[in-house]
file run10.txt (compact mmCIF, C-alpha atoms)
# COMPACT_ATOMS: atom_id res chain seq x y z
CA MET Y 422 -15.08 40.59 27.73
CA MET Y 423 -17.53 37.69 27.55
CA LYS Y 424 -18.48 38.63 23.99
CA LEU Y 425 -14.83 38.56 22.94
CA LEU Y 426 -14.34 35.21 24.60
CA LYS Y 427 -17.40 33.78 22.87
CA LEU Y 428 -16.11 35.11 19.55
CA ILE Y 429 -12.73 33.49 20.11
CA VAL Y 430 -14.36 30.17 20.95
CA LEU Y 431 -16.58 30.44 17.86
CA ILE Y 432 -13.69 31.21 15.53
CA THR Y 433 -11.56 28.44 17.02
CA SER Y 434 -14.41 25.95 16.62
CA ILE Y 435 -14.96 26.89 13.00
CA GLY Y 436 -11.23 26.75 12.44
CA LEU Y 437 -11.01 23.26 13.92
CA LEU Y 438 -14.04 22.04 12.01
CA THR Y 439 -12.79 23.27 8.65
CA ALA Y 440 -9.34 21.91 9.40
CA PHE Y 441 -10.79 18.43 9.74
CA THR Y 442 -12.98 18.67 6.67
CA LEU Y 443 -10.22 20.14 4.55
CA LYS Y 444 -8.00 17.24 5.56
CA SER Y 445 -10.33 14.72 4.02
CA VAL Y 446 -10.48 16.42 0.60
CA ASP Y 447 -8.33 14.68 -2.02
CA THR Y 448 -5.40 16.90 -2.90
CA GLY Y 449 -2.90 16.62 -5.69
CA TYR Y 450 -2.72 17.20 -9.41
CA ARG Y 451 -5.76 16.35 -11.47
CA ILE Y 452 -5.74 15.10 -15.06
CA GLY Y 453 -5.04 18.07 -17.30
CA GLU Y 454 -3.41 20.11 -14.56
CA SER Y 455 0.14 21.40 -15.05
CA ILE Y 456 2.67 20.27 -12.50
CA GLU Y 457 5.42 22.20 -10.82
CA ASP Y 458 8.87 21.00 -11.85
CA PHE Y 459 11.07 19.67 -9.08
CA SER Y 460 14.75 19.25 -8.28
CA LEU Y 461 15.54 16.01 -6.47
CA MET Y 462 18.76 14.11 -5.85
CA ASN Y 463 19.46 11.03 -7.90
CA ILE Y 464 21.41 8.04 -6.53
CA ASP Y 465 24.49 9.29 -8.40
CA GLU Y 466 24.22 12.42 -6.24
CA THR Y 467 23.33 14.76 -9.10
CA MET Y 468 20.17 16.85 -9.00
CA VAL Y 469 17.48 15.96 -11.54
CA SER Y 470 14.65 18.12 -12.88
CA LEU Y 471 12.25 17.58 -15.74
CA ALA Y 472 13.72 20.73 -17.33
CA ASP Y 473 16.96 18.77 -17.86
CA TYR Y 474 15.21 16.72 -20.53
CA GLU Y 475 14.93 19.20 -23.39
CA ASP Y 476 14.36 16.53 -26.02
CA ALA Y 477 11.73 14.52 -24.17
CA LYS Y 478 8.12 14.43 -25.29
CA GLY Y 479 6.95 13.49 -21.82
CA PHE Y 480 7.75 11.60 -18.65
CA ILE Y 481 6.63 8.41 -16.97
CA ILE Y 482 6.99 9.48 -13.33
CA VAL Y 483 6.77 6.51 -10.98
CA PHE Y 484 6.49 6.80 -7.21
CA THR Y 485 8.13 3.63 -6.00
CA CYS Y 486 10.35 2.39 -3.19
CA ASN Y 487 12.61 -0.46 -2.08
CA THR Y 488 10.33 -1.91 0.53
CA CYS Y 489 6.82 -2.21 -0.83
CA PRO Y 490 6.24 -5.74 -2.20
CA TYR Y 491 3.92 -4.30 -4.83
CA SER Y 492 6.64 -1.93 -5.99
CA VAL Y 493 9.14 -4.75 -6.05
CA ALA Y 494 6.72 -6.92 -8.04
CA ASN Y 495 6.54 -4.16 -10.65
CA GLU Y 496 10.24 -3.34 -10.94
CA ASP Y 497 10.85 -5.46 -14.03
CA ARG Y 498 7.87 -3.84 -15.71
CA ILE Y 499 9.11 -0.35 -14.83
CA ILE Y 500 12.51 -1.18 -16.33
CA ALA Y 501 10.76 -2.54 -19.44
CA LEU Y 502 8.77 0.69 -19.80
CA ASP Y 503 11.95 2.76 -19.67
CA LYS Y 504 13.68 0.53 -22.20
CA LYS Y 505 10.73 0.76 -24.57
CA TYR Y 506 9.86 4.44 -24.26
CA LYS Y 507 13.07 6.29 -23.39
CA THR Y 508 14.17 6.24 -27.02
CA GLN Y 509 10.70 7.35 -28.08
CA GLY Y 510 10.83 10.43 -25.88
CA PHE Y 511 9.14 9.17 -22.71
CA PRO Y 512 11.75 8.26 -20.12
CA VAL Y 513 10.89 6.84 -16.70
CA ILE Y 514 11.69 8.99 -13.67
CA ALA Y 515 11.40 7.06 -10.40
CA ILE Y 516 10.85 8.86 -7.10
CA ASN Y 517 11.02 7.31 -3.63
CA PRO Y 518 8.50 9.26 -1.53
CA ASN Y 519 9.07 7.50 1.80
CA ASP Y 520 10.75 8.94 4.86
CA PRO Y 521 13.94 6.92 5.49
CA PHE Y 522 13.64 7.67 9.23
CA VAL Y 523 10.39 5.74 9.22
CA VAL Y 524 11.57 3.04 6.80
CA PRO Y 525 15.36 2.60 7.11
CA ASP Y 526 15.43 0.24 4.13
CA ASP Y 527 14.23 3.12 1.95
CA SER Y 528 17.33 5.17 2.69
CA PHE Y 529 19.41 6.85 0.00
CA GLU Y 530 22.18 4.29 0.50
CA LYS Y 531 19.73 1.41 0.12
CA MET Y 532 18.36 3.03 -3.03
CA LYS Y 533 21.87 2.95 -4.51
CA VAL Y 534 22.08 -0.76 -3.68
CA ARG Y 535 18.73 -1.48 -5.32
CA VAL Y 536 19.72 0.34 -8.51
CA GLN Y 537 22.89 -1.74 -8.71
CA GLU Y 538 21.10 -5.00 -7.94
CA LYS Y 539 18.25 -4.53 -10.41
CA GLY Y 540 20.03 -2.47 -13.02
CA PHE Y 541 17.60 0.45 -13.10
CA THR Y 542 18.08 2.34 -16.37
CA PHE Y 543 16.41 5.51 -15.10
CA PRO Y 544 16.94 8.11 -12.37
CA TYR Y 545 15.85 7.00 -8.90
CA LEU Y 546 15.30 10.16 -6.88
CA LEU Y 547 14.66 10.60 -3.15
CA ASP Y 548 11.88 13.01 -2.19
CA VAL Y 549 13.95 14.55 0.60
CA GLY Y 550 11.71 16.44 2.99
CA GLN Y 551 8.69 14.79 1.30
CA LYS Y 552 7.61 18.00 -0.43
CA VAL Y 553 7.07 16.68 -3.97
CA TYR Y 554 4.78 13.67 -3.53
CA PRO Y 555 2.06 15.65 -1.67
CA LYS Y 556 1.90 18.07 -4.60
CA PHE Y 557 1.22 15.14 -6.88
CA GLY Y 558 -1.27 13.75 -4.40
CA ALA Y 559 0.39 10.35 -4.55
CA THR Y 560 -1.02 8.11 -1.85
CA LYS Y 561 0.89 4.90 -2.42
CA THR Y 562 3.68 3.06 -4.13
CA PRO Y 563 3.74 2.18 -6.89
CA GLU Y 564 1.86 5.01 -8.58
CA VAL Y 565 2.45 6.41 -12.07
CA TYR Y 566 1.94 9.95 -13.37
CA ILE Y 567 2.43 10.49 -17.10
CA VAL Y 568 3.25 14.12 -17.84
CA THR Y 569 3.75 15.74 -21.24
CA GLN Y 570 6.89 17.84 -21.65
CA ASN Y 571 5.74 20.98 -23.43
CA ASP Y 572 2.92 21.87 -21.03
CA LEU Y 573 3.87 19.71 -18.00
CA LYS Y 574 0.27 18.52 -17.93
CA VAL Y 575 -0.76 15.32 -16.16
CA GLN Y 576 -2.21 12.93 -18.76
CA TYR Y 577 -2.49 9.74 -16.73
CA ILE Y 578 -2.56 8.74 -13.07
CA GLY Y 579 -2.52 5.22 -11.68
CA ALA Y 580 -1.33 1.68 -12.15
CA ILE Y 581 1.10 0.23 -14.68
CA ASP Y 582 -1.32 -2.49 -15.80
CA ASN Y 583 -4.35 -4.41 -14.62
CA SER Y 584 -2.51 -7.14 -12.71
CA SER Y 585 -0.07 -5.53 -10.26
CA ARG Y 586 0.42 -8.70 -8.22
CA ASP Y 587 1.14 -11.07 -11.11
CA ALA Y 588 2.96 -10.02 -14.28
CA ASN Y 589 1.86 -13.21 -16.03
CA LYS Y 590 -1.82 -12.32 -15.77
CA VAL Y 591 -1.68 -8.86 -17.35
CA THR Y 592 -4.33 -8.32 -20.00
CA GLU Y 593 -4.37 -4.54 -20.14
CA LYS Y 594 -1.25 -2.36 -20.09
CA TYR Y 595 -2.54 1.02 -18.96
CA VAL Y 596 0.73 3.00 -19.09
CA GLU Y 597 1.80 1.55 -22.45
CA ASN Y 598 -1.61 2.32 -23.94
CA ALA Y 599 -1.49 5.87 -22.58
CA VAL Y 600 2.01 6.60 -23.89
CA ALA Y 601 1.18 5.02 -27.27
CA ALA Y 602 -1.89 7.26 -27.51
CA LEU Y 603 0.16 10.36 -26.66
CA LEU Y 604 2.80 9.46 -29.25
CA ALA Y 605 0.10 8.99 -31.87
CA GLY Y 606 -1.64 12.22 -30.94
CA LYS Y 607 -4.74 10.31 -29.86
CA LYS Y 608 -6.91 10.57 -26.77
CA ILE Y 609 -6.03 8.31 -23.82
CA LYS Y 610 -8.93 5.94 -23.13
CA LYS Y 611 -8.21 5.26 -19.46
CA THR Y 612 -6.70 8.30 -17.76
CA LYS Y 613 -7.12 7.14 -14.19
CA THR Y 614 -6.78 3.64 -12.77
CA SER Y 615 -6.43 2.13 -9.33
CA ALA Y 616 -4.29 -0.68 -7.95
CA ILE Y 617 -3.35 -1.92 -4.52
CA GLY Y 618 -0.19 -0.41 -3.09
CA CYS Y 619 1.61 0.49 0.12
CA SER Y 620 0.71 3.76 1.77
CA ILE Y 621 3.50 6.33 1.74
CA LYS Y 622 5.44 6.45 5.00
CA LYS Y 623 5.94 9.80 6.65
CA MET S 942 47.06 -36.21 24.91
CA LYS S 943 46.52 -32.46 24.63
CA LEU S 944 45.40 -32.78 21.03
CA LYS S 945 42.84 -35.42 22.00
CA THR S 946 41.44 -33.10 24.69
CA VAL S 947 41.16 -30.21 22.28
CA PHE S 948 39.52 -32.51 19.74
CA LEU S 949 36.98 -33.80 22.25
CA PHE S 950 36.29 -30.26 23.44
CA VAL S 951 35.57 -29.08 19.92
CA ILE S 952 33.17 -31.97 19.37
CA PHE S 953 31.52 -31.19 22.69
CA LEU S 954 31.02 -27.57 21.59
CA GLY S 955 29.58 -28.77 18.34
CA LEU S 956 27.10 -30.97 20.15
CA ILE S 957 26.00 -28.18 22.44
CA SER S 958 25.38 -25.78 19.55
CA CYS S 959 23.41 -28.39 17.68
CA LYS S 960 21.25 -28.98 20.74
CA LYS S 961 20.60 -25.25 21.00
CA GLU S 962 19.42 -25.13 17.42
CA VAL S 963 17.06 -28.04 17.91
CA ALA S 964 15.62 -26.34 20.97
CA LYS S 965 15.13 -23.15 18.95
CA ASN S 966 13.30 -24.99 16.21
CA GLU S 967 11.08 -26.79 18.66
CA LYS S 968 10.02 -23.49 20.20
CA VAL S 969 9.27 -21.83 16.87
CA GLU S 970 7.26 -24.70 15.36
CA ILE S 971 3.68 -23.64 14.90
CA ASP S 972 0.86 -26.06 14.36
CA THR S 973 -0.96 -24.61 11.38
CA PRO S 974 -2.76 -27.43 9.57
CA GLN S 975 -6.18 -26.29 10.85
CA ILE S 976 -5.87 -22.80 9.44
CA ALA S 977 -7.22 -22.47 5.93
CA VAL S 978 -7.75 -19.21 4.11
CA ARG S 979 -10.34 -19.20 1.37
CA SER S 980 -9.50 -17.32 -1.78
CA TYR S 981 -12.18 -15.09 -3.31
CA SER S 982 -12.49 -13.37 -6.64
CA TYR S 983 -14.17 -9.98 -6.40
CA SER S 984 -17.50 -11.28 -7.68
CA GLU S 985 -17.39 -13.94 -4.96
CA LEU S 986 -16.46 -11.40 -2.27
CA LYS S 987 -19.03 -8.81 -3.32
CA PRO S 988 -22.01 -10.47 -1.57
CA LEU S 989 -20.05 -10.29 1.72
CA LEU S 990 -19.81 -6.53 1.27
CA GLU S 991 -23.52 -5.91 0.87
CA LYS S 992 -25.47 -8.23 3.15
CA LYS S 993 -28.89 -7.08 4.17
CA ASP S 994 -29.35 -8.82 7.49
CA HIS S 995 -29.50 -7.52 11.05
CA LYS S 996 -25.73 -7.42 11.50
CA THR S 997 -23.14 -4.67 11.20
CA TYR S 998 -20.04 -5.63 9.27
CA VAL S 999 -16.52 -4.26 9.61
CA ILE S 1000 -14.40 -5.15 6.58
CA ASN S 1001 -10.70 -4.39 6.75
CA PHE S 1002 -8.40 -4.56 3.71
CA TRP S 1003 -4.85 -5.41 4.77
CA ALA S 1004 -1.76 -7.49 4.04
CA THR S 1005 0.97 -9.09 6.16
CA TRP S 1006 3.57 -6.93 4.45
CA CYS S 1007 1.74 -3.69 5.14
CA ALA S 1008 3.18 -2.28 8.37
CA PRO S 1009 0.37 0.18 9.22
CA CYS S 1010 -2.17 -2.59 8.49
CA VAL S 1011 -0.50 -4.98 10.91
CA LYS S 1012 -0.26 -2.24 13.53
CA GLU S 1013 -4.02 -1.64 13.57
CA LEU S 1014 -5.10 -5.31 13.48
CA PRO S 1015 -5.31 -5.57 17.29
CA ALA S 1016 -7.99 -2.84 17.23
CA PHE S 1017 -10.10 -4.92 14.85
CA GLU S 1018 -9.52 -8.08 16.84
CA LYS S 1019 -10.61 -6.34 20.02
CA LEU S 1020 -13.69 -4.96 18.28
CA ASN S 1021 -14.58 -8.42 17.04
CA LYS S 1022 -14.29 -9.81 20.55
CA GLN S 1023 -16.17 -7.00 22.33
CA TYR S 1024 -19.01 -6.67 19.86
CA ALA S 1025 -19.67 -10.20 18.60
CA SER S 1026 -22.61 -10.43 21.00
CA LYS S 1027 -23.97 -7.17 19.55
CA ASP S 1028 -24.30 -8.63 16.05
CA VAL S 1029 -21.06 -7.16 14.76
CA GLU S 1030 -18.80 -9.20 12.52
CA VAL S 1031 -15.25 -8.34 11.49
CA LEU S 1032 -13.87 -9.64 8.19
CA LEU S 1033 -10.18 -9.26 7.39
CA VAL S 1034 -9.65 -9.27 3.63
CA SER S 1035 -6.01 -9.99 2.88
CA LEU S 1036 -4.32 -8.66 -0.23
CA ASP S 1037 -1.24 -10.80 0.23
CA PHE S 1038 0.33 -12.39 -2.81
CA PRO S 1039 -1.62 -15.60 -3.54
CA LYS S 1040 1.64 -17.55 -3.77
CA GLN S 1041 2.51 -16.55 -0.20
CA VAL S 1042 -0.62 -17.73 1.57
CA GLU S 1043 1.06 -20.88 2.92
CA LYS S 1044 4.44 -19.26 3.55
CA LYS S 1045 3.38 -15.93 5.01
CA LEU S 1046 -0.35 -15.44 5.61
CA ILE S 1047 -1.20 -18.64 7.45
CA PRO S 1048 1.83 -18.52 9.79
CA PHE S 1049 0.98 -14.88 10.48
CA ILE S 1050 -2.58 -15.78 11.44
CA ALA S 1051 -1.27 -18.53 13.72
CA ARG S 1052 1.40 -16.35 15.32
CA LYS S 1053 -1.02 -13.52 16.04
CA ASN S 1054 -3.80 -15.94 16.92
CA LEU S 1055 -6.26 -13.97 14.81
CA GLN S 1056 -9.84 -14.78 15.73
CA SER S 1057 -11.59 -12.66 13.10
CA LYS S 1058 -12.41 -14.34 9.82
CA VAL S 1059 -9.64 -13.94 7.26
CA VAL S 1060 -10.10 -14.35 3.52
CA LEU S 1061 -7.82 -13.69 0.56
CA LEU S 1062 -8.94 -11.44 -2.28
CA ASP S 1063 -7.33 -12.78 -5.42
CA ASP S 1064 -8.60 -10.88 -8.43
CA ILE S 1065 -6.32 -9.29 -10.97
CA ASN S 1066 -8.73 -6.61 -12.14
CA GLU S 1067 -7.86 -4.30 -9.28
CA ASP S 1068 -8.92 -1.15 -11.08
CA VAL S 1069 -12.44 -2.56 -11.45
CA TRP S 1070 -12.99 -3.78 -7.93
CA ILE S 1071 -11.16 -0.96 -6.16
CA LYS S 1072 -13.47 1.53 -7.85
CA ALA S 1073 -16.50 -0.68 -7.16
CA ILE S 1074 -15.68 -0.78 -3.46
CA ASP S 1075 -15.29 2.98 -3.37
CA SER S 1076 -14.92 5.44 -6.23
CA SER S 1077 -12.51 7.61 -4.23
CA TRP S 1078 -10.20 4.75 -3.23
CA SER S 1079 -6.76 4.83 -4.86
CA GLY S 1080 -5.97 1.32 -3.65
CA ALA S 1081 -3.73 2.26 -0.74
CA ILE S 1082 -4.10 -0.05 2.26
CA PRO S 1083 -5.22 -0.22 4.98
CA ALA S 1084 -8.79 0.66 4.12
CA THR S 1085 -12.01 -0.22 5.96
CA ILE S 1086 -15.72 -0.49 5.25
CA ILE S 1087 -18.28 -0.41 8.03
CA TYR S 1088 -21.82 -1.18 6.88
CA ASN S 1089 -25.21 -2.53 7.78
CA LYS S 1090 -28.44 -2.66 5.82
CA ASN S 1091 -29.08 1.02 6.47
CA SER S 1092 -25.78 2.68 5.77
CA ARG S 1093 -22.23 2.23 4.59
CA LYS S 1094 -19.04 4.18 5.10
CA PHE S 1095 -15.58 3.78 3.59
CA TYR S 1096 -12.43 4.80 5.50
CA LYS S 1097 -9.05 5.39 3.89
CA LYS S 1098 -7.21 5.76 7.16
CA THR S 1099 -5.64 3.73 9.95
CA PHE S 1100 -7.58 3.20 13.15
CA ASP S 1101 -6.84 3.03 16.83
CA TYR S 1102 -9.37 1.16 18.96
CA GLN S 1103 -11.14 4.24 20.31
CA THR S 1104 -11.75 5.80 16.91
CA LEU S 1105 -12.83 2.48 15.43
CA GLU S 1106 -15.24 1.85 18.28
CA SER S 1107 -16.80 5.31 18.07
CA GLU S 1108 -17.30 4.89 14.33
CA LEU S 1109 -18.93 1.51 14.88
CA GLN S 1110 -21.21 2.98 17.49
CA THR S 1111 -22.62 5.47 15.00
CA PHE S 1112 -23.89 2.43 13.10
CA LEU S 1113 -25.19 0.60 16.15
CA LYS S 1114 -27.15 3.65 17.29
CA GLN S 1115 -29.20 3.73 14.07

call {"tool": "encode", "arguments": {"input": "run10.txt", "output": "structure tokens"}}
result
Amino acid sequence: MMKLLKLIVLITSIGLLTAFTLKSVDTGYRIGESIEDFSLMNIDETMVSLADYEDAKGFIIVFTCNTCPYSVANEDRIIALDKKYKTQGFPVIAINPNDPFVVPDDSFEKMKVRVQEKGFTFPYLLDVGQKVYPKFGATKTPEVYIVTQNDLKVQYIGAIDNSSRDANKVTEKYVENAVAALLAGKKIKKTKTSAIGCSIKK
Amino acid sequence: MKLKTVFLFVIFLGLISCKKEVAKNEKVEIDTPQIAVRSYSYSELKPLLEKKDHKTYVINFWATWCAPCVKELPAFEKLNKQYASKDVEVLLVSLDFPKQVEKKLIPFIARKNLQSKVVLLDDINEDVWIKAIDSSWSGAIPATIIYNKNSRKFYKKTFDYQTLESELQTFLKQ
């Protein structure tokens, strides 16, 4: 009886220990890894998947929201990216990863308002149930994942450019450089960059 | 006669509401001229992140617009107060928009009566300094460094006071 008890305690301890260590490991897609397609609702209440875009060469997936000042500061640049690259085969797909119960201003209704106010030219999807962003491993907004269409491989993860807080001080446009490289069949120089952002609310 | 009464009454109401507004403003006015927040580029901030003296430093990256950051600030303030005599220093590095220091950051510091030192990190090359601070950091805030001349640890999570204190104590016990 005692032996069994000891065994149970041992297994539980190991279980707890590994649970905590596993938690701290970075999860999410790595560069070169193929992603799982998703089906999320757009603000026009239609479902959107990457598979819908048969003619695309790739996607500029942006995790963004209504409430993060860093996201808001980048909205014009996200719109500019879509305008520049949609016709070249790389449309923007925006996903709001936040839980509207935690952040009421990130609700589906508020997303509709934002799209109208700013004139988003791309789908703005809500990650209902917050199942998609953890697969990507997105930790903040805004965060960009560039994915090629034929193999659904992640080619770039990170910031839009090197000056997220001030559009006037940009000297390096990471996403533009990455998409240009992909279009030219060249290697992307910077595949992973970091920028300050708001943690995702769950 | 009736019209005059109504007229006077309306003016009276107007006066009362104006008075209320003045009272409101008087209550809200905060005296902030003494609060100044120094702006640092990363190369200027870097020495504060690697001092080799006898102290233990707790550096918290936050912003006034970051809800989880604001929520955990009291824990850092309490730590600063409780451990100042034990050679512990808390530094709050704000990532607020530089243009909002006067409008948002300084009033926030006054309202919350923050006692820890607050500085602004204003450096556009975020990719460079985020990676320099910690190679695993994506840039999400809040984030914290605790270090002394013997060791350094980077935390990508939010803290409550108990957890923060027990982490600090691992440094003080060295």

call {"tool": "interface_residues", "arguments": {"input": "run10.txt", "of": "chain S", "to": "chain Y", "cutoff": "9 Å", "atoms": "all atoms listed in the file", "output": "list in words"}}
result
Trp1006, Cys1007, Ala1008, Pro1009, Leu1036, Asp1037, Phe1038, Pro1039, Asp1064, Ile1065, Asn1066, Glu1067, Asp1068, Val1069, Trp1070, Ile1071, Lys1072, Ser1077, Trp1078, Ser1079, Gly1080, Ala1081, Ile1082 and Pro1083 of chain S

call {"tool": "residues_near_point", "arguments": {"input": "run10.txt", "point": "(-10.5, -4.2, 16.5)", "cutoff": "10 Å", "atoms": "all atoms listed in the file", "output": "PyMOL selection string"}}
result
chain S and resi 999+1001+1013-1024+1031+1057+1100-1103+1105-1106

call {"tool": "residues_around", "arguments": {"input": "run10.txt", "residues": "range 979-995 of chain S", "least_positions_apart": "4", "cutoff": "7 Å", "atoms": "all atoms listed in the file", "output": "list in words"}}
result
Val1060, Leu1061, Leu1062, Asp1063, Asp1064, Trp1070, Asn1089 and Lys1090 of chain S

call {"tool": "closest_residue", "arguments": {"input": "run10.txt", "among": "Y:Ile578, Y:Val534, Y:Ala477, Y:Ile464", "to": "Gly510 in chain Y", "atoms": "only C-alpha atoms"}}
result
Y:Ala477

call {"tool": "atom_distance", "arguments": {"input": "run10.txt", "atom1": "CA of Tyr545 in chain Y", "atom2": "CA of Ala515 in chain Y"}}
result
4.7 Å

call {"tool": "residues_around", "arguments": {"input": "run10.txt", "residues": "range 1046-1052 of chain S", "least_positions_apart": "3", "cutoff": "7 Å", "atoms": "only C-alpha atoms", "output": "list in words"}}
result
Thr973, Ile976, Thr1005, Gln1041, Val1042, Glu1043 and Leu1055 of chain S

call {"tool": "atom_distance", "arguments": {"input": "run10.txt", "atom1": "CA of Tyr566 in chain Y", "atom2": "CA of Asp473 in chain Y"}}
result
18.0 Å

call {"tool": "closest_residue", "arguments": {"input": "run10.txt", "among": "S:Thr1085, S:Gln1056, S:Ser1076, S:Thr1111", "to": "Lys1098 in chain S", "atoms": "only C-alpha atoms"}}
result
S:Thr1085

call {"tool": "closest_residue", "arguments": {"input": "run10.txt", "among": "S:Lys1094, S:Lys996, S:Lys1114, S:Lys1053", "to": "Ala1025 in chain S", "atoms": "all atoms listed in the file"}}
result
S:Lys996

call {"tool": "atom_distance", "arguments": {"input": "run10.txt", "atom1": "CA of Leu1032 in chain S", "atom2": "CA of Thr997 in chain S"}}
result
10.9 Å

call {"tool": "closest_residue", "arguments": {"input": "run10.txt", "among": "Y:Leu546, Y:Ile567, Y:Met423, Y:Ala602", "to": "Glu466 in chain Y", "atoms": "only C-alpha atoms"}}
result
Y:Leu546

call {"tool": "closest_residue", "arguments": {"input": "run10.txt", "among": "S:Ile1086, S:Val978, S:Ala1004, S:Ile1074", "to": "Phe1112 in chain S", "atoms": "all atoms listed in the file"}}
result
S:Ile1086
